[in-house]
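S.K.: Quick one: the structure is below, and I'll ask about it shortly.
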Amino acid sequence: MPHALHADVLVAGAGPAGAATALGLARLGYGVCVVGVPRPFDACEGISRRVVDGLRQSGFRRALEQIPPPGLRVVDWNGESLARNMESLLWRPGFDAALIEDLQQSGVRVLEARIAAVLHDEHTPGLRLADGTVLRSRVVVEARGRAAPQGRGVGLRGPGTLAVLQSARGAEVQPGSAVFACAEGWVWLARLAGGQRYVQLCVAADTPGLPKRSGLADWARARIAALPAAVAWLEGCVTEGPPAARASTAMLHARPWERGVLRVGDAAMAVDPLSGNGIFQSLSSATTAPAVINTLLRAPDDAALAVAFHSSRLQETFLRFARIGRDFHAAETRWSDASFWRERSLWPDALAAHVQPERIEGAALRPVIEDGLIREREVLLTTGQPLGVWRVEGVAVAPLLRDLPESPAERAALLEARIAEAAPAPLQRQQVQAWFNRHGIQAVREHSSH
Ligand SMILES: Cc1cc2nc3c(=O)[nH]c(=O)nc-3n(C[C@H](O)[C@H](O)[C@H](O)COP(=O)(O)OP(=O)(O)OC[C@H]3O[C@@H](n4cnc5c(N)ncnc54)[C@H](O)[C@@H]3O)c2cc1C
C-alpha cells in the first residue's frame with residue numbers, strides 16, 4: 001500500500017544547515033516539514049562577517065537579530081600574541097530558537113519532536129519519531145549535525161578530539177574572545193555582554209587521565225590554571241552549571257546521499273572547531289542542497305550528476321579545511337613532541353592547503369547550479385578551484401579561452417575583445433579581466449572529462 005506523504009521533503013534537525021536547506025526548498029515551491037528538538041547543552045560560538053552574509057542570503061531575519069556586533073579576537077599561538085581578527089559571539093540557544101521563528105514566518109512547518117530513526121527508502125524515505133509516529137516524504141534531509149548516527153558511513157576522520165565547555169560569570173567587560181595553546185590542546189575563551197563568560201577546552205579524546213563527566217570541571221580548571229594569560233581572562237569569575245563534553249573530531253561522511261536521504265551540514269562534514277568555520281561550512285552545503293534535491297525530484301535523469309556535485313563539494317571543502325587546520329597546528333611548535341600537536345600537524349596528508357600562484361589548468365565538463373538545477377557545463381579548472389569555475393561576475397569564463405592564438409599579444413587582445421562582448425558593463429568587464437590577470441590566460445582547446 002502506498003504511504004501517505006507528510007511533506008515533499010522532511011528535514012531532520014533545525015540547526016543552521018537544516019533551516020537553510022528548508023528555506024531554500026520552500027523558495028523552490030516544495031512543501032517542507034522540519035523536525036527537531038533543541039540542543040541538549042548551551043554553547044557559545046564565534047562567527048565571522050561571512051556567516052552573517054550567508055545567513056542574510058539564505059533569507060534569515062530573526063536569526064540575524066541574535067548576532068551581536070563583532071569583538072576583538074586575541075590569538076596566543078607559538079609564543080606570539082596577535083589581535084587582528086574580529087568575531088561575533090553567538091549564544092546558540094537564542095540563535096537556534098530564532099532559526100525556527102524564521103522557518104515558521106516563511107511558511108515552513110516545524111515539528112518539535114525527537115527523531116528515533118531516519119528510514120531509508122528510494123521512493124518514500126521517512127522519519128520514525130520517538131513516540132513511534134512514522135512520517136514519509138519524497139526526500140529526507142539528514143541535518144542532525146554531529147548527533148546524526150554515522151553508521152558505517154564515516155569516510156574520513158581526523159584525530160579524536162573532545163571539547164569541554166564551561167559557562168561562567170564575572171564583571172561586565174568589553175566583549176571579545178581569545179585562543180590560547182597549551183600542551184594538551186587549546187582553549188577558547190569568550191566574554192559576552194552582561195558579564196557572561198564561556199570557556200572551551202579542546203583536547204585529544206584519548207588524553208591520559210581525562211575524567212568522566214563528574215570530574216571534568218575540576219580537570220578543565222586545573223588545565224586552565226596552568227595558563228597565566230587565560231587565568232587573567234577569567235579573574236574573579238564564578239562557574240555556572242556543570243561542564244558539558246562535546247565531540248569535536250573532524251569527520252566526512254562517505255555516503256552523503258543514500259536511498260532517499262541527503263546529508264547536509266555537520267551530518268555530512270564536520271570540521272575541527274579550531275577553524276571557527278563550522279557554521280559557515282554547514283551553511284555552504286545547505287545552500288546548494290535545494291538545487292541537488294530539486295534535480296533528484298524534477299530531473300531524475302541527472303540524479304547521478306546532482307549526487308556527484310554534492311559529494312565532490314563536501315570532500316573538497318573538508319580536505320581544504322583539514323589542511324588549513326594541519327598548518328595552523330604545525331605553526332604551534334612549543335609542544336610539537338606532544339601527541340596532540342604531533343598528530344594534528346600531520347593529518348590529513350602532506351599536500352599544500354593553498355597552491356600558489358593560482359593558475360588555470362584546463363577546461364572540463366562539470367556539474368554546476370543553473371536555474372535551481374544541477375547541470376553539466378564547461379568550467380575552467382584552476383589550481384585553487386579544482387572543481388572548476390563556471391562564471392565570474394555572471395560571465396561564463398571557459399568559452400572565452402577557447403582556441404586562442406599562440407602569440408601572447410594576439411591572445412591577450414582576443415581575450416580582451418571577448419570579455420568586452422560578454423561583459424558590457426565597465427565594472428563587470430574590469431572584474432572578469434582582473435580574474436584572468438590573476439589566473440593567467442592559457443588557451444584551452446579540449447575538454448577533459450575527468
Ligand atoms: C566544540 C565545538 C565548537 C564549535 N565552535 C564553533 C565556532 O566557534 N564557530 C562556528 O562557526 N562553528 C563552531 N562549531 C561548529 C558548529 O557548531 C556546527 O558546524 C554547526 O552548528 C553545524 O550546523 P548543523 O545545522 O549541521 O548542526 P547543529 O547545529 O548541530 O544542528 C542539529 C540540530 O539537530 C537537532 N537534533 C539532533 N539529534 C536530534 C534528534 N534525534 N531528534 C531531533 N532533533 C535532533 C539538534 O538538537 C540541533 O538542533 C563548533 C563545534 C564544536 C563541536
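Lettering and numbering for the C-alpha cells are positional, with chains as A, B, ... in the shown order, residues counted from 1 in each chain, and ligands counted from 1 in the shown order.
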For ligand 1, list the contacting residues at 7 Å or closer, counting only C-alpha atoms and all ligand atoms, as a PyMOL selection string.
M.R.: chain A and resi 12-18+35-40+45-47+96+113-116+143-148+163+200+246-248+264-267+270+273+276-282
S.K.: Hey, what's within 10 Å of Ala63 of chain A if we count only C-alpha atoms and toss same-chain stuff fewer than 6 positions away? As a VMD selection string, please?
M.R.: chain A and resid 16 52 55 to 56 94 to 102
S.K.: Go ahead and save the residues from that selection, with N, CA and C atoms, as a PDB file, in the first residue's frame.
M.R.:
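Heads up, here's the output in selection_11.pdb:
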```pdb
ATOM      1  N   PRO A  16      21.477  25.424  11.823  1.00  0.00           N
ATOM      2  CA  PRO A  16      21.629  26.282  10.639  1.00  0.00           C
ATOM      3  C   PRO A  16      21.519  25.522   9.312  1.00  0.00           C
ATOM      4  N   VAL A  52      27.392  36.009   8.617  1.00  0.00           N
ATOM      5  CA  VAL A  52      26.273  36.962   8.621  1.00  0.00           C
ATOM      6  C   VAL A  52      25.761  37.130   7.186  1.00  0.00           C
ATOM      7  N   LEU A  55      23.866  34.001   6.107  1.00  0.00           N
ATOM      8  CA  LEU A  55      22.531  33.901   6.716  1.00  0.00           C
ATOM      9  C   LEU A  55      21.559  34.857   6.014  1.00  0.00           C
ATOM     10  N   ARG A  56      22.054  36.058   5.702  1.00  0.00           N
ATOM     11  CA  ARG A  56      21.188  37.043   5.024  1.00  0.00           C
ATOM     12  C   ARG A  56      20.782  36.506   3.656  1.00  0.00           C
ATOM     13  N   GLY A  94      19.650  31.071  21.878  1.00  0.00           N
ATOM     14  CA  GLY A  94      18.823  32.148  21.321  1.00  0.00           C
ATOM     15  C   GLY A  94      18.849  32.125  19.806  1.00  0.00           C
ATOM     16  N   PHE A  95      20.016  31.873  19.247  1.00  0.00           N
ATOM     17  CA  PHE A  95      20.166  31.835  17.788  1.00  0.00           C
ATOM     18  C   PHE A  95      19.343  30.684  17.198  1.00  0.00           C
ATOM     19  N   ASP A  96      19.437  29.499  17.811  1.00  0.00           N
ATOM     20  CA  ASP A  96      18.713  28.342  17.282  1.00  0.00           C
ATOM     21  C   ASP A  96      17.199  28.536  17.370  1.00  0.00           C
ATOM     22  N   ALA A  97      16.748  29.196  18.449  1.00  0.00           N
ATOM     23  CA  ALA A  97      15.306  29.458  18.567  1.00  0.00           C
ATOM     24  C   ALA A  97      14.863  30.430  17.461  1.00  0.00           C
ATOM     25  N   ALA A  98      15.733  31.396  17.140  1.00  0.00           N
ATOM     26  CA  ALA A  98      15.394  32.379  16.098  1.00  0.00           C
ATOM     27  C   ALA A  98      15.370  31.725  14.712  1.00  0.00           C
ATOM     28  N   LEU A  99      16.217  30.703  14.492  1.00  0.00           N
ATOM     29  CA  LEU A  99      16.169  29.990  13.199  1.00  0.00           C
ATOM     30  C   LEU A  99      14.767  29.402  13.000  1.00  0.00           C
ATOM     31  N   ILE A 100      14.206  28.859  14.083  1.00  0.00           N
ATOM     32  CA  ILE A 100      12.878  28.231  13.996  1.00  0.00           C
ATOM     33  C   ILE A 100      11.803  29.292  13.723  1.00  0.00           C
ATOM     34  N   GLU A 101      11.948  30.457  14.376  1.00  0.00           N
ATOM     35  CA  GLU A 101      10.977  31.540  14.087  1.00  0.00           C
ATOM     36  C   GLU A 101      11.033  31.916  12.610  1.00  0.00           C
ATOM     37  N   ASP A 102      12.258  31.991  12.056  1.00  0.00           N
ATOM     38  CA  ASP A 102      12.394  32.325  10.629  1.00  0.00           C
ATOM     39  C   ASP A 102      11.689  31.285   9.764  1.00  0.00           C
TER      40      ASP A 102
END
```
S.K.: For atom CA of Leu387 of chain A and atom CA of Pro426 of chain A, quote the distance in Å rounded to one decimal.
M.R.: 28.4 Å
S.K.: At what distance in Å, to one decimal, does atom CA of Ser311 of chain A lie from atom CA of His253 of chain A?
M.R.: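 Atom CA of Ser311 of chain A lies 9.3 Å from atom CA of His253 of chain A.
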S.K.: Work out how far atom CA of Ala232 of chain A is from atom CA of Val74 of chain A, in Å to one decimal.
M.R.: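 Those two atoms sit 13.3 Å apart.
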S.K.: Near segment 415-417 of chain A, counting only C-alpha atoms, which residues have an atom at most 8 Å away, once you skip same-chain residues fewer than 6 positions from it, shown as an MDAnalysis selection string?
M.R.: chainID A and resid 400:401 404 433
S.K.: Could you name the residues that touch Arg334 of chain A at 10 Å or less, counting only C-alpha atoms, but leaving out those on the same chain fewer than 4 positions away, as an mmCIF file with all heavy atoms, in the first residue's frame?
M.R.:
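The resulting file, out-v7.cif, is reproduced below:
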```
data_model
loop_
_atom_site.group_PDB
_atom_site.id
_atom_site.type_symbol
_atom_site.label_atom_id
_atom_site.label_comp_id
_atom_site.auth_asym_id
_atom_site.auth_seq_id
_atom_site.Cartn_x
_atom_site.Cartn_y
_atom_site.Cartn_z
ATOM 1 N N TRP A 77 49.517 32.199 20.166
ATOM 2 C CA TRP A 77 49.936 30.963 19.475
ATOM 3 C C TRP A 77 51.435 30.963 19.289
ATOM 4 O O TRP A 77 52.002 31.972 18.861
ATOM 5 C CB TRP A 77 49.250 30.936 18.101
ATOM 6 C CG TRP A 77 48.938 29.569 17.576
ATOM 7 C CD1 TRP A 77 49.567 28.938 16.557
ATOM 8 C CD2 TRP A 77 47.894 28.699 18.021
ATOM 9 N NE1 TRP A 77 48.987 27.710 16.353
ATOM 10 C CE2 TRP A 77 47.960 27.529 17.224
ATOM 11 C CE3 TRP A 77 46.917 28.765 19.028
ATOM 12 C CZ2 TRP A 77 47.097 26.459 17.407
ATOM 13 C CZ3 TRP A 77 46.057 27.701 19.195
ATOM 14 C CH2 TRP A 77 46.143 26.572 18.392
ATOM 15 N N ASN A 78 52.098 29.889 19.600
ATOM 16 C CA ASN A 78 53.542 29.741 19.410
ATOM 17 C C ASN A 78 54.328 30.880 20.070
ATOM 18 O O ASN A 78 55.310 31.381 19.509
ATOM 19 C CB ASN A 78 53.857 29.664 17.908
ATOM 20 C CG ASN A 78 55.179 28.967 17.656
ATOM 21 O OD1 ASN A 78 55.578 28.083 18.417
ATOM 22 N ND2 ASN A 78 55.878 29.380 16.627
ATOM 23 N N GLY A 79 53.847 31.320 21.222
ATOM 24 C CA GLY A 79 54.559 32.345 21.983
ATOM 25 C C GLY A 79 54.317 33.765 21.487
ATOM 26 O O GLY A 79 54.882 34.713 22.015
ATOM 27 N N ALA A 181 47.044 28.358 23.195
ATOM 28 C CA ALA A 181 47.511 26.978 23.043
ATOM 29 C C ALA A 181 48.113 26.510 24.363
ATOM 30 O O ALA A 181 48.663 27.307 25.115
ATOM 31 C CB ALA A 181 48.561 26.916 21.934
ATOM 32 N N CYS A 182 47.993 25.203 24.658
ATOM 33 C CA CYS A 182 48.658 24.632 25.829
ATOM 34 C C CYS A 182 49.154 23.235 25.450
ATOM 35 O O CYS A 182 48.875 22.765 24.340
ATOM 36 C CB CYS A 182 47.712 24.575 27.032
ATOM 37 S SG CYS A 182 46.230 23.606 26.776
ATOM 38 N N ALA A 183 49.879 22.571 26.335
ATOM 39 C CA ALA A 183 50.492 21.286 25.966
ATOM 40 C C ALA A 183 49.442 20.266 25.518
ATOM 41 O O ALA A 183 49.639 19.525 24.565
ATOM 42 C CB ALA A 183 51.283 20.740 27.147
ATOM 43 N N ALA A 330 50.587 22.961 13.080
ATOM 44 C CA ALA A 330 52.043 22.847 12.903
ATOM 45 C C ALA A 330 52.742 24.150 13.254
ATOM 46 O O ALA A 330 53.924 24.146 13.630
ATOM 47 C CB ALA A 330 52.356 22.439 11.467
ATOM 48 N N ALA A 338 54.448 16.631 21.791
ATOM 49 C CA ALA A 338 53.258 16.130 22.499
ATOM 50 C C ALA A 338 52.300 15.530 21.473
ATOM 51 O O ALA A 338 52.153 16.071 20.369
ATOM 52 C CB ALA A 338 52.593 17.278 23.254
ATOM 53 N N TRP A 341 49.686 17.687 19.423
ATOM 54 C CA TRP A 341 50.202 18.576 18.364
ATOM 55 C C TRP A 341 50.827 17.775 17.236
ATOM 56 O O TRP A 341 50.684 18.137 16.063
ATOM 57 C CB TRP A 341 51.192 19.579 18.966
ATOM 58 C CG TRP A 341 50.491 20.473 19.952
ATOM 59 C CD1 TRP A 341 50.491 20.371 21.306
ATOM 60 C CD2 TRP A 341 49.613 21.576 19.638
ATOM 61 N NE1 TRP A 341 49.687 21.330 21.868
ATOM 62 C CE2 TRP A 341 49.137 22.087 20.863
ATOM 63 C CE3 TRP A 341 49.193 22.170 18.452
ATOM 64 C CZ2 TRP A 341 48.261 23.176 20.939
ATOM 65 C CZ3 TRP A 341 48.327 23.251 18.518
ATOM 66 C CH2 TRP A 341 47.861 23.739 19.749
#
```
S.K.: Of the residues A:Ser88, A:Gln105, A:Ser336, A:Gln166, which is the one nearest to Ala193 of chain A, using only C-alpha atoms?
M.R.: A:Ser88
S.K.: Residues of segment 76-189 of chain A that approach segment 344-359 of chain A to 10 Å or less, counting only C-alpha atoms: could you list each one with the shortest pair of atoms and its distance in Å to one decimal, rows by chain and increasing residue number, as JSON lines?
M.R.:
```
{"residue": "A:Leu156", "atom": "CA", "partner": "A:Pro348", "partner_atom": "CA", "distance": 8.8}
{"residue": "A:Arg157", "atom": "CA", "partner": "A:Pro348", "partner_atom": "CA", "distance": 8.7}
{"residue": "A:Gly158", "atom": "CA", "partner": "A:Trp347", "partner_atom": "CA", "distance": 6.9}
{"residue": "A:Pro159", "atom": "CA", "partner": "A:Arg344", "partner_atom": "CA", "distance": 6.8}
{"residue": "A:Gly160", "atom": "CA", "partner": "A:Arg344", "partner_atom": "CA", "distance": 9.9}
```
S.K.: DSSP on the backbone: which residues in segment 104-231 of chain A end up as alpha helix (DSSP H)? Give the answer as a list in words.
M.R.: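 Written out, the alpha helix (DSSP H) residues of segment 104-231 of chain A are Gln104, Gln105, Leu216, Ala217, Asp218, Trp219, Ala220, Arg221, Ala222, Arg223, Ile224, Ala225, Pro228, Ala229, Ala230 and Val231 of chain A.
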S.K.: Of the residues A:Ser58, A:Ile441, A:Arg128, A:Arg326, which is the one nearest to Ser407 of chain A, using only C-alpha atoms?
M.R.: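 Nearest candidate to Ser407 of chain A out of A:Ser58, A:Ile441, A:Arg128, A:Arg326: A:Ile441.
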S.K.: Nearest to Ala178 of chain A: which of A:Val11, A:Ala217, A:Val199, A:Leu427 is it, counting only C-alpha atoms?
M.R.: A:Val199
S.K.: Determine which residues of segment 49-198 of chain A receive a DSSP assignment of strand (DSSP E or B), computed from the backbone, and state them as a PyMOL selection string.
M.R.: chain A and resi 71-77+80-91+109-112+115-119+126-129+134-136+139-142+154-157+161-169+176-182+185-191+196-198
S.K.: Can you work out which one of A:Val141, A:Ala117, A:Leu82, A:Ala412 has the shortest atom-to-atom distance to Glu258 of chain A, counting only C-alpha atoms?
M.R.: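 The closest residue to Glu258 of chain A is A:Val141.
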S.K.: For Leu28 of chain A, which residue out of A:Glu410, A:Asp371, A:Glu65, A:Glu421 is the nearest one, using only C-alpha atoms?
M.R.: A:Asp371
S.K.: What's around Asp42 of chain A at 9 Å? Count only C-alpha atoms, leave out sequence neighbours fewer than 3 positions away in its own chain, and write the answer as an mmCIF file with N, CA, C and O atoms, in the first residue's frame.
M.R.:
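The file below, result.cif, is the result:
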```
data_model
loop_
_atom_site.group_PDB
_atom_site.id
_atom_site.type_symbol
_atom_site.label_atom_id
_atom_site.label_comp_id
_atom_site.auth_asym_id
_atom_site.auth_seq_id
_atom_site.Cartn_x
_atom_site.Cartn_y
_atom_site.Cartn_z
ATOM 1 N N ARG A 39 19.160 21.696 21.055
ATOM 2 C CA ARG A 39 20.368 21.034 21.559
ATOM 3 C C ARG A 39 20.286 20.819 23.068
ATOM 4 O O ARG A 39 19.781 21.705 23.770
ATOM 5 N N TRP A 91 25.369 33.267 21.037
ATOM 6 C CA TRP A 91 24.843 32.385 22.087
ATOM 7 C C TRP A 91 23.844 31.472 21.402
ATOM 8 O O TRP A 91 22.791 31.915 20.950
ATOM 9 N N ARG A 92 24.221 30.192 21.256
ATOM 10 C CA ARG A 92 23.453 29.316 20.370
ATOM 11 C C ARG A 92 21.991 29.088 20.772
ATOM 12 O O ARG A 92 21.139 28.995 19.885
ATOM 13 N N PRO A 93 21.635 28.991 22.079
ATOM 14 C CA PRO A 93 20.210 28.735 22.359
ATOM 15 C C PRO A 93 19.290 29.795 21.737
ATOM 16 O O PRO A 93 18.281 29.462 21.114
ATOM 17 N N LEU A 165 33.174 22.202 27.778
ATOM 18 C CA LEU A 165 32.575 23.535 27.775
ATOM 19 C C LEU A 165 32.156 23.921 29.190
ATOM 20 O O LEU A 165 31.596 23.099 29.909
ATOM 21 N N SER A 167 30.362 27.356 31.317
ATOM 22 C CA SER A 167 29.895 28.749 31.403
ATOM 23 C C SER A 167 30.363 29.329 32.728
ATOM 24 O O SER A 167 30.536 28.603 33.713
ATOM 25 N N ALA A 244 30.014 20.686 30.042
ATOM 26 C CA ALA A 244 29.496 19.718 29.065
ATOM 27 C C ALA A 244 30.672 19.236 28.224
ATOM 28 O O ALA A 244 31.653 19.963 28.044
#
```
S.K.: Have a look at A:Leu135, A:Ile324, A:Leu283, A:Ala413 and name the one nearest to Ala4 of chain A; count only C-alpha atoms.
M.R.: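 Of the candidates, the smallest distance to Ala4 of chain A is held by A:Leu135.
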S.K.: Name all residues at most 10 Å from Ala396 of chain A (count only C-alpha atoms; drop same-chain ones fewer than 6 positions away) and give them as a count of residues only.
M.R.: 10
S.K.: Compile the contact shell of Arg49 of chain A as a PyMOL selection string: residues with an atom at most 9 Å away, counting only C-alpha atoms, same-chain residues fewer than 6 positions apart removed.
M.R.: chain A and resi 70+86-88
S.K.: Can I get the selection written as an mmCIF file, in the first residue's frame, with N, CA and C atoms?
M.R.:
```cif
data_model
loop_
_atom_site.group_PDB
_atom_site.id
_atom_site.type_symbol
_atom_site.label_atom_id
_atom_site.label_comp_id
_atom_site.auth_asym_id
_atom_site.auth_seq_id
_atom_site.Cartn_x
_atom_site.Cartn_y
_atom_site.Cartn_z
ATOM 1 N N PRO A 70 30.703 42.508 16.183
ATOM 2 C CA PRO A 70 31.937 41.750 16.405
ATOM 3 C C PRO A 70 32.846 42.384 17.443
ATOM 4 N N MET A 86 38.303 39.939 14.023
ATOM 5 C CA MET A 86 37.101 40.233 14.806
ATOM 6 C C MET A 86 36.160 39.031 14.659
ATOM 7 N N GLU A 87 35.393 38.756 15.690
ATOM 8 C CA GLU A 87 34.327 37.754 15.553
ATOM 9 C C GLU A 87 33.144 38.124 16.440
ATOM 10 N N SER A 88 31.949 37.744 15.987
ATOM 11 C CA SER A 88 30.748 37.952 16.803
ATOM 12 C C SER A 88 30.534 36.711 17.652
#
```
